Amino acid sequence: MTLKRTLAALGAVLPLALAGGASAAEGKIKELKEPSWTWEGIFGRYDQQQLQRGYQVYREVCSSCHSMKLVAFRHLAEDGGPFYLEECPVELGLPSTTDCSDPAANPIVKALAADYQIEAGVDDSGDPLIRPGLPADYLPSPYANRQQAMLANGGAYPPDMSLLVKSRVKGRNYIYSLITGYEEPPAILDVPPGQYYNPYYPGDTASMVREEYLDEEGHILHEYELPPGGAFKMAPPLQDGIVTYEDGSPETVDQYARDVVSFLQWSSEPKLEQRKEMGGFVMLYLFAFAGIVYASYRQIWRNVEH
Amino acid sequence: MSHESTYVPGTGFERWVDKRLPLVRLGYDSFIDFPTPKNLNYWYTFGGILSIILVWQIVTGIVLAMHYTAHTDYAFQSVEMIMRDVNYGWLLRYAHSNGASMFFIAVYLHIARGLYYGSYKEPREILWGLGVVIFLLMMGTAFMGYVLPWGQMSYWGATVITSLASAVPLIGDPIKTLLWGGFAVDNPTLNRFYALHYLMPFLIAGVVILHIWALHVPGNNNPSGVEVKTKKDTVPFHPYYTVKDGFAIVCFFILFAAFLFYMPNTLGHPDNYIEADPMVTPAHIVPEWYFLPFYAMLRAITFDIGIPFTDIVLINSKLGGVLVMLGSILILFVLPWLDRSKVRSMRYRPVAKLWLILFFLDVCLLGWLGAQLAEQPYILISQLATAYYFAYFLIVLPVLAITETPKALPRSISESVTADKAGMRKRKTPVGMTAGGSHPAPAE
């Protein structure tokens with residue numbers, strides 16, 4: 001049994017095994033929608049326009065409840081980020097010494113940060129210092145603490161969004177499906193007030209089935225099927241036209257969702273572009289090197305029967 | 001080391017050094033002129049691959065340690081700071097976390113190679129035992145390393161695994177408290193795990209040196225399982241195996257790079273990107289993929305063992321699970337004495353070979369079961385798979401050592417190579433093809 005033959009056999013069997021594992025891991029939610037994303041695949045990259053729109057949706061909609069504690073304004077201006085500038089835009093008339101590719105000098109991000117008032121420790125007389133935001137500041141959180149956030153949201157804590165895509169199974173498709181997937185609850189469910197039914201939310205619908213659809217033992221009547229998903233405390237966040245785009249992109253829930261998920265993907269994985277770019281070089285190098293080493297191997301072993 | 005030294009110091013300086021500390025001679029005899037069987041296949045390249053990854057993990061780990069903060073309030077943020085703000089921090093961190101997975105892929109294939117070609121048998125028992133020690137140290141290191149990012153799986157994985165200590169009667173609870181440094185997984189736990197995670201790779205490196213020493217005394221086993229007879233059976237390690245191992249290492253790094261650059265989170269768990277929260281238990285606590293077979297065996301013991309027809313419980317299910325999990329690795333130490341067959345290589349053991357392949361499938365099945373929920377039918381399948389895992393060592397191998405009739409062994413490595421080549425040619429000629437297509441019998 002040589003390694004080569006075993007690898008060939010594994011190549012045939014492994015995809016089947018992995019497919020089986022994936023389906024077994026899924027709970028009872030509706031099958032996720034799978035839109036195509038620009039950053040998928042070996043050569044996938046972010047669409048900077050889309051990241052900018054996504055940031056707009058985050059700022060105008062999501063950020064009223066969800067924090068993004070790991071992202072600073074300067075990150076938005078880094079290579080691969082939504083507001084990265086290679087060169088200063090001419091129309092701004094900045095002095096020629098300004099390097100707009102430097103996240104701290106990026107005029108767009110400076111302006112975005114300055115829109116916020118930031119508590120920054122104390123001033124020289126020991127009083128609390130509140131000043132306009134700087135690129136070095138982290139995105140301000142909507143609530144002062146977890147308790148306040150929960151009180152404002154019916155007892156549910158809106159999770160921090162910095163790593164949301166990476167911290168959910170198939171995060172990008174899950175979040176996209178969730179925010180575009182709200183629907184009227186099926187007739188057999190009685191959704192408590194302040195909660196919203198969503199077929200993609202990994203909750204529990206069994207506890208919400210109306211009594212008339214249950215038998216004496218509390219099981220659902222056999223002619224009915226338990227609906228997928230669950231109910232949770234986030235109201236449908238998006239409606240058509242809720243955010244006004246300046247670049248003429250369609251102002252629809254679907255477009256908003258695609259844009260904000262792209263932005264959340266970026267905030268989870270801001271170095272994706274550098275990673276894939278370096279990966280390309282490393283792969284080329286390794287394949288070429290493997291070829292050279294293999295040729296040396298054949299040359300060195302040519303007179304040895306083995 | 002066991003062979004006669006052929007090192008000839010070339011210059012006056014080399015002679016001067018050689019008289020005082022023959023370090024160059026040691027290196028030369030171990031890695032340049034070491035006589036190595038000429039028929040080692042690619043399964044034998046994982047030792048070299050593993051030593052490279054050990055160095056890789058130590059180097060990336062030390063640089064990560066320069067940026068990491070071992071405190072429950074800052075650990076998660078400091079890891080994210082590495083990912084976002086440290087120059088090439090994302091590369092270091094992904095290289096280290098995926099490197100751990102690559103380490104285990106390589107070590108499992110290395111162990112499987114040893115099982116298949118009987119590399120644990122006389123006179124290599126100590127070599128094998130040291131390998132098991134390395135494996136145990138690796139598991140400890142990987143487990144503690146996974147706790148450091150202080151995500152949900154870090155915290156809850158640490159809680160589940162350290163709580164196992166409390167299964168031990170009498171001293172279990174004190175051991176658990178010692179592991180925790182308190183009465184729950186908390187900052188002292190994180191600190192001591194960090195210290196140990198930094199220490200243990202160097203212990204591994206030390207045992208690896210002993211492992212290589214113990215390899216160089218009897219010399220390599222080989223796919224035929226027949227000992228080296230003459231110089232014609234061997235080639236010098238350099239350049240023959242440096243280039244062959246080198247090729248395998250480069251190929252392995254292609255696999256590594258595919259994960260590192262294109263699927264860096266595929267082998268991890270999404271929950272670990274949520275900061276540890278002692279108030280929220282994840283729905284489904286699973287260890288990293290490389291622990292899944294052992295986790296399945298741990299969970300397979302759902303019953304107490306006691307004296308029949310009484311209520312006396314000798315071993316409760318928790319302790320039973322821990323014993324089975326530990327036993328599944330410790331049993332490897334005594335494998336050389338369980339398998340008494342004189343024939344090393346499974347090439348010449350047609351019956352044992354099938355049982356061993358079944359054993360490999362069994363371990364893969366256990367790995368799959370480890371990721372499933374602890375409910376039927378998975379529990380029953382886990383119990384059956386665990387039973388076979390132990391039966392292979394305790395029943396199949398001892399019995400086969402007596403009952404099996406092995407195929408005729410080649411007289412030497414050279415002869416086995418010649419027979420292989422003849423078999424290859426025969427297989428490639430359609431006219432001469434024989435039914436079955438099994439391994440060619442060695443020439444008489």
# chains A, B, ... in the order shown; residues from 1 in each chain; ligands from 1
>>> residues_around(residues="Glu184 in chain A", least_positions_apart="3", cutoff="12 Å", atoms="only C-alpha atoms", output="ChimeraX atom specification")
/A:181,187-191,195-199,227,230-231,236
>>> write_last_selection(atoms="C-alpha atoms", output="tab-separated table (two decimals), in the first residue's frame")
chain	number	residue	atom	x	y	z
A	181	GLY	CA	-35.70	35.83	5.73
A	187	ALA	CA	-50.66	29.62	11.62
A	188	ILE	CA	-49.84	26.87	14.08
A	189	LEU	CA	-47.30	29.03	15.94
A	190	ASP	CA	-48.13	31.55	18.61
A	191	VAL	CA	-45.17	33.94	18.71
A	195	GLN	CA	-40.41	38.39	19.38
A	196	TYR	CA	-40.14	37.78	15.67
A	197	TYR	CA	-40.37	34.51	13.79
A	198	ASN	CA	-37.56	33.64	11.42
A	199	PRO	CA	-37.16	30.27	9.68
A	227	PRO	CA	-41.97	24.74	11.22
A	230	GLY	CA	-37.43	30.02	15.83
A	231	ALA	CA	-38.35	33.40	17.24
A	236	PRO	CA	-36.69	42.94	10.90
>>> residues_around(residues="range 106-114 of chain B", least_positions_apart="4", cutoff="9 Å", atoms="only C-alpha atoms", output="JSON, numbers by chain")
{"B": [43, 44, 45, 46, 47, 49, 50, 101, 102, 118, 119, 120, 128, 131, 132, 135, 221, 252, 360]}
>>> interface_residues(of="chain A", to="chain B", cutoff="6 Å", atoms="only C-alpha atoms", output="mmCIF file with N, CA, C and O atoms, in the first residue's frame")
data_model
loop_
_atom_site.group_PDB
_atom_site.id
_atom_site.type_symbol
_atom_site.label_atom_id
_atom_site.label_comp_id
_atom_site.auth_asym_id
_atom_site.auth_seq_id
_atom_site.Cartn_x
_atom_site.Cartn_y
_atom_site.Cartn_z
ATOM 1 N N LEU A 3 1.860 5.288 -0.400
ATOM 2 C CA LEU A 3 1.206 6.529 -0.003
ATOM 3 C C LEU A 3 0.404 7.109 -1.157
ATOM 4 O O LEU A 3 -0.695 7.617 -0.991
ATOM 5 N N LYS A 166 -17.445 35.182 11.406
ATOM 6 C CA LYS A 166 -16.609 34.020 11.711
ATOM 7 C C LYS A 166 -17.109 33.224 12.903
ATOM 8 O O LYS A 166 -16.672 32.102 13.128
ATOM 9 N N SER A 167 -18.005 33.811 13.691
ATOM 10 C CA SER A 167 -18.422 33.107 14.897
ATOM 11 C C SER A 167 -19.751 32.379 14.720
ATOM 12 O O SER A 167 -20.317 31.894 15.681
ATOM 13 N N ARG A 168 -20.249 32.322 13.480
ATOM 14 C CA ARG A 168 -21.459 31.549 13.216
ATOM 15 C C ARG A 168 -21.134 30.529 12.129
ATOM 16 O O ARG A 168 -20.320 30.803 11.246
ATOM 17 N N ARG A 275 -3.919 38.078 2.648
ATOM 18 C CA ARG A 275 -3.739 36.642 2.833
ATOM 19 C C ARG A 275 -3.785 35.899 1.512
ATOM 20 O O ARG A 275 -2.910 35.097 1.191
ATOM 21 N N LYS A 276 -4.816 36.201 0.708
ATOM 22 C CA LYS A 276 -4.939 35.467 -0.560
ATOM 23 C C LYS A 276 -3.836 35.862 -1.547
ATOM 24 O O LYS A 276 -3.367 35.025 -2.320
ATOM 25 N N GLY A 279 -0.874 34.054 -0.488
ATOM 26 C CA GLY A 279 -1.100 32.642 -0.787
ATOM 27 C C GLY A 279 -0.765 32.309 -2.233
ATOM 28 O O GLY A 279 -0.164 31.273 -2.512
ATOM 29 N N ALA A 290 8.704 22.256 -5.531
ATOM 30 C CA ALA A 290 8.424 20.817 -5.529
ATOM 31 C C ALA A 290 8.924 20.179 -6.822
ATOM 32 O O ALA A 290 9.516 19.096 -6.803
ATOM 33 N N VAL A 293 12.738 19.908 -6.632
ATOM 34 C CA VAL A 293 13.185 18.883 -5.684
ATOM 35 C C VAL A 293 12.871 17.498 -6.242
ATOM 36 O O VAL A 293 13.669 16.567 -6.121
ATOM 37 N N TYR A 294 11.721 17.378 -6.919
ATOM 38 C CA TYR A 294 11.390 16.075 -7.486
ATOM 39 C C TYR A 294 12.390 15.688 -8.577
ATOM 40 O O TYR A 294 12.848 14.544 -8.642
ATOM 41 N N TYR A 297 15.438 14.552 -6.957
ATOM 42 C CA TYR A 297 15.208 13.214 -6.408
ATOM 43 C C TYR A 297 15.391 12.151 -7.497
ATOM 44 O O TYR A 297 16.112 11.166 -7.303
ATOM 45 N N HIS A 306 15.034 0.697 -6.007
ATOM 46 C CA HIS A 306 14.373 0.860 -4.705
ATOM 47 C C HIS A 306 12.879 0.699 -4.849
ATOM 48 O O HIS A 306 12.351 0.603 -5.934
#
>>> select_by_dssp(residues="range 89-265 of chain A", states="strand (DSSP E)", output="list in words")
Gln117, Ile118, Glu119, Ala120, Gly121, Val122, Pro128, Leu129, Ile130, Arg131, Pro132, Tyr196, Tyr197, Asn198, Gly230, Ala231 and Phe232 of chain A
>>> write_last_selection(atoms="N, CA and C atoms", output="CSV table (one decimal), in the first residue's frame")
chain,number,residue,atom,x,y,z
A,117,GLN,N,-18.6,62.1,19.2
A,117,GLN,CA,-17.9,62.7,20.4
A,117,GLN,C,-17.4,61.5,21.2
A,118,ILE,N,-16.2,61.5,21.5
A,118,ILE,CA,-15.6,60.3,22.2
A,118,ILE,C,-15.2,60.7,23.6
A,119,GLU,N,-15.5,59.8,24.6
A,119,GLU,CA,-14.9,60.0,25.9
A,119,GLU,C,-13.5,59.4,25.9
A,120,ALA,N,-12.6,60.3,26.2
A,120,ALA,CA,-11.2,59.8,26.1
A,120,ALA,C,-10.5,60.1,27.4
A,121,GLY,N,-10.8,59.4,28.4
A,121,GLY,CA,-10.1,59.6,29.7
A,121,GLY,C,-10.4,60.9,30.3
A,122,VAL,N,-9.3,61.5,30.9
A,122,VAL,CA,-9.5,62.7,31.6
A,122,VAL,C,-8.5,63.8,31.0
A,128,PRO,N,-13.5,64.6,33.1
A,128,PRO,CA,-13.7,63.7,31.9
A,128,PRO,C,-13.5,64.5,30.6
A,129,LEU,N,-12.7,63.9,29.7
A,129,LEU,CA,-12.4,64.6,28.4
A,129,LEU,C,-13.3,64.1,27.3
A,130,ILE,N,-14.1,64.9,26.7
A,130,ILE,CA,-14.9,64.5,25.6
A,130,ILE,C,-14.4,65.3,24.4
A,131,ARG,N,-14.0,64.6,23.4
A,131,ARG,CA,-13.5,65.3,22.2
A,131,ARG,C,-14.0,64.7,20.9
A,132,PRO,N,-13.9,65.3,19.8
A,132,PRO,CA,-14.3,64.7,18.5
A,132,PRO,C,-13.4,63.5,18.2
A,196,TYR,N,-39.9,37.8,17.1
A,196,TYR,CA,-40.1,37.8,15.7
A,196,TYR,C,-39.7,36.4,15.1
A,197,TYR,N,-40.6,35.8,14.3
A,197,TYR,CA,-40.4,34.5,13.8
A,197,TYR,C,-39.4,34.6,12.6
A,198,ASN,N,-38.5,33.7,12.6
A,198,ASN,CA,-37.6,33.6,11.4
A,198,ASN,C,-37.2,32.2,11.2
A,230,GLY,N,-37.1,29.6,14.5
A,230,GLY,CA,-37.4,30.0,15.8
A,230,GLY,C,-37.8,31.5,15.9
A,231,ALA,N,-38.0,32.0,17.1
A,231,ALA,CA,-38.4,33.4,17.2
A,231,ALA,C,-37.3,34.0,18.1
A,232,PHE,N,-37.0,35.3,17.8
A,232,PHE,CA,-36.0,36.0,18.7
A,232,PHE,C,-36.4,37.5,18.7
>>> closest_residue(among="B:Asp73, B:Glu375, B:Asp362, B:Asp339", to="Ala401 in chain B", atoms="only C-alpha atoms")
B:Asp339
>>> atom_distance(atom1="CA of Lys353 in chain B", atom2="CA of Val399 in chain B")
13.7 Å
>>> closest_residue(among="B:Val133, B:Leu115, B:Ile301, B:Pro293", to="Trp355 in chain B", atoms="only C-alpha atoms")
B:Leu115
>>> residues_around(residues="Asp186 in chain B", least_positions_apart="4", cutoff="12 Å", atoms="only C-alpha atoms", output="PDB file with C-alpha atoms, in the first residue's frame")
ATOM      1  CA  ALA B  70      -2.391  35.800  29.290  1.00  0.00           C
ATOM      2  CA  HIS B  71      -5.205  37.374  31.245  1.00  0.00           C
ATOM      3  CA  THR B  72      -8.884  36.525  31.046  1.00  0.00           C
ATOM      4  CA  ASP B  73      -9.766  40.202  30.476  1.00  0.00           C
ATOM      5  CA  ALA B  75      -6.514  37.324  26.057  1.00  0.00           C
ATOM      6  CA  VAL B 147      -7.391  27.431  25.700  1.00  0.00           C
ATOM      7  CA  LEU B 148      -5.198  30.507  25.195  1.00  0.00           C
ATOM      8  CA  TRP B 150     -10.044  32.400  25.511  1.00  0.00           C
ATOM      9  CA  SER B 154     -11.404  27.332  24.812  1.00  0.00           C
ATOM     10  CA  TYR B 155     -13.202  27.951  28.055  1.00  0.00           C
ATOM     11  CA  TRP B 156     -15.763  25.175  27.876  1.00  0.00           C
ATOM     12  CA  ALA B 158     -10.995  23.425  29.331  1.00  0.00           C
ATOM     13  CA  THR B 159     -13.862  23.071  31.775  1.00  0.00           C
ATOM     14  CA  THR B 177      -8.259  22.339  42.002  1.00  0.00           C
ATOM     15  CA  LEU B 179      -5.174  22.310  37.527  1.00  0.00           C
ATOM     16  CA  TRP B 180      -7.560  25.222  37.885  1.00  0.00           C
ATOM     17  CA  GLY B 181      -5.574  27.133  40.467  1.00  0.00           C
ATOM     18  CA  GLY B 182      -8.876  27.820  42.164  1.00  0.00           C
ATOM     19  CA  LEU B 190      -5.155  30.510  31.867  1.00  0.00           C
ATOM     20  CA  ASN B 191      -1.819  31.580  33.347  1.00  0.00           C
ATOM     21  CA  ARG B 192      -0.614  28.104  34.180  1.00  0.00           C
ATOM     22  CA  PHE B 193      -1.786  26.719  30.858  1.00  0.00           C
ATOM     23  CA  ALA B 276     -15.367  33.109  26.746  1.00  0.00           C
ATOM     24  CA  ASP B 277     -18.474  33.596  28.831  1.00  0.00           C
ATOM     25  CA  PRO B 278     -18.871  31.464  31.989  1.00  0.00           C
TER      26      PRO B 278
END
